[in-house]
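Student: One structure, pasted below without further comment.
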Amino acid sequence: MESLIIILVGVLSTVAFYLLLSRNIVRVILGTAILSHAAHLMILAMGGLKIGSAPLLGEEAETYVDALPQALILTAIVISFAVTAFILVLAYRAYQELGTDDLEEMRGTDNE
Amino acid sequence: MNNIILIPMILPILAGVLLIFLRTYGRLQAWTSIAVMAVVAAAAVYLLNAIQTDGILRIDFGGWTPPFGISFVADSFAVLLVLTSSVVTVICLLHALVSTDKELVTMYFYPTVLFLIAGINGSFLSGDIFNLFVCFEVMLLSSYILLTLGGSKRQLREAIKYVSINIVSSWFFLIAIAYLYGAVGTLNFAHLSVRVAENGQEPLLTTISIVFLIVFSLKAGLLLYFWLPGSYSSPPVVTSALFGALLTKVGIYAMFRMFTLVFYHEPETTHNIIAVMAVLTLIGGSIGAIAHNDIRQIAAYNVVIAVGFILTGLAIATPDAIEGAIFYLLHDMVVKALLFLLIGTIILLTGTAQIGKMSGIIQNYPILGWSFFIAMLSLAGIPPLSGFVGKVLLSQGAIDSGSYLLLAIALGSSLFVLYSMLKIFKNCFWGETIVSKDDQVPLRRGFLVPCLLLVALTIGIGLGAEGLSAYVSDAADTLLNPQVYIDAVLTEDFQ
């Protein structure tokens with residue numbers, strides 16, 4: 001099961017980096033969003049996947065799931081949400097100011 | 001009593017939240033921020049002295065002892081950096097009092113600076129790697145906002161690059177954390193150190209450490225600095241001073257922590273890679289510093305050179321070299337803030353950043369000119385200024401360990417620093433003045449006072465190195481003897 005998830009992480013990362021390398025800024029942002037999902041899935045897989053048990057419920061619990069990766073992912077999701085919101089606004093503002101959403105045209109000159 | 005460790009992070013956050021509600025009161029915001037940062041600096045001084053008597057301090061959130069739960073750990077290295085960054089921030093904020101536009105102030109400039117500092121201090125004090133990641137993100141989000149505040153075309157363009165590259169590096173950070181957790185099953189620094197030492201640093205762990213190296217190199221501008229000159233030279237003066245002085249230092253701190261506390265078993269691989277990266281950074285930074293004619297770009301490339309120089313200390317990793325690197329780190333925070341404030345002031349006064357368009361400013365503004373002269377000498381490492389001590393100690397370490405090539409390149413880069421600064425000094429300050437005394441823009445005292453304070457600080461660190469060296473050598477001791485750190489954090493059962 002873990003191997004399957006890791007392959008999925010690889011596919012997601014490939015898609016994300018393909019999008020990141022494109023010239024259109026909206027595609028870049030979509031790429032960053034997918035990238036963060038890949039990372040979260042990766043953390044989840046690293047904690048080990050088990051079906052049908054709860055996080056630690058006491059010292060005598062028979063089976064339990066590692067709760068730490070879930071806590072990590074929750075934090076990381078909040079952060080990536082904030083960053084994505086910020087970069088969306090930034091892209092819109094840059095589009096208003098610079099009149100383009102093409103990264104190639106945004107390079108501009110050094111002395112302005 | 002250990003609660004004081006929280007002050008450097010919690011106080012700026014609380015004050016920042018409060019200031020959001022006071023957005024129209026510019027001066028009140030400014031003075032509150034300055035007062036808060038002064039309190040943080042005082043707390044850091046107290047902590048530093050407490051560490052000398054009681055050893056490393058720590059606080060466990062919610063009473064969960066490490067390695068469970070999260071904790072803040074204050075050792076001399078971390079607290080020295082907290083202290084320096086707080087002092088530098090106070091001085092930069094004094095400059096902001098006069099140099100920041102009203103428009104910026106009402107757009108939450110001060111709260112954002114406070115959040116930035118909270119993130120930076122939190123990164124220094126974190127006791128586990130995930131908390132380090134979170135504090136990094138707090139710092140980065142604030143830096144995104146500060147970089148775009150003002151909204152000029154140049155800023156927006158650079159911000160897109162800066163944000164994208166940082167998102168990718170944060171992704172690498174998360175992936176590296178996931179690998180590390182999968183490999184050793186813990187995230188607490190001390191526990192990581194114990195586990196890695198127990199299992200031996202296998203090739204797998206060395207690979208993970210190199211992923212971390214890439215992450216921190218991107219943040220610190222070690223070799224992967226291509227984003228740095230653009231984004232550090234575009235925002236307003238105080239913002240670029242804070243960036244130049246503090247942001248890369250957090251990446252450097254993280255590298256020191258990881259490669260002295262956790263991944264120190266395979267120096268032939270990791271430390272050699274760091275050495276090669278540092279050398280390439282020094283060469284690339286030197287070329288950039290002498291190639292540009294925009295004074296902001298020159299200053300930004302000087303940040304890059306300093307990063308390379310400090311990391312040669314980590315690559316050499318003898319006690320002298322580490323001590324030298326710490327000294328140089330502290331010096332660099334002060335002197336880069338000074339450099340960026342001076343350059344920002346020059347641009348505000350002359351309205352241009354091109355070397356060719358200025359001349360003879362020293363006749364109009366003598367104090368500014370001489371401050372720049374001292375900053376230049378300090379950057380080049382001339383005694384008795386602060387850059388000298390670090391360079392001497394680092395050179396000593398390099399000679400002891402026989403790394404002559406590293407030493408030659410590190411010291412060679414100082415000549416390029418001196419050359420690039422002399423180019424500014426000669427072209428902008430000397431020569432025929434282009435504005436007559438009557439036409440010149442008056443230099444307000446508010447611009448000069450922070451610069452002079454930083455000049456005093458760089459002279460003070462240079463002359464008072466003896467007094468500082470007790471703290472610095474304690475910091476270096478802790479870095480070189482991971483057991484000290486582990487003993488302070490973990491109980492016997494987990495060692």
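Residues in the structure tokens are numbered from 1 in each chain, the chains being A, B, ... in the order shown, and ligands are numbered from 1 in the order shown.
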Any idea which chain B residues end up within 6 Å of chain A if we count only C-alpha atoms, as a list in words please?
Tutor: Leu156, Ile175, Ala178 and Gly182 of chain B
Student: For region 51-56 of chain A, find every residue with an atom within 7 Å (counting only C-alpha atoms), except residues of its own chain fewer than 3 positions away, and show them as a ChimeraX atom specification.
Tutor: /A:61,63-67
Student: Run DSSP on the backbone and tell me which residues of region 40-118 of chain B come out as strand (DSSP E); list them as a PyMOL selection string.
Tutor: chain B and resi 57-60+71-74
Student: Of the residues A:Leu4, A:Ile34, A:Leu74, A:Gly58, which is the one nearest to Leu19 (chain A), using only C-alpha atoms?
Tutor: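 Looking at the shortest contact to Leu19 (chain A), the residue is A:Ile34.
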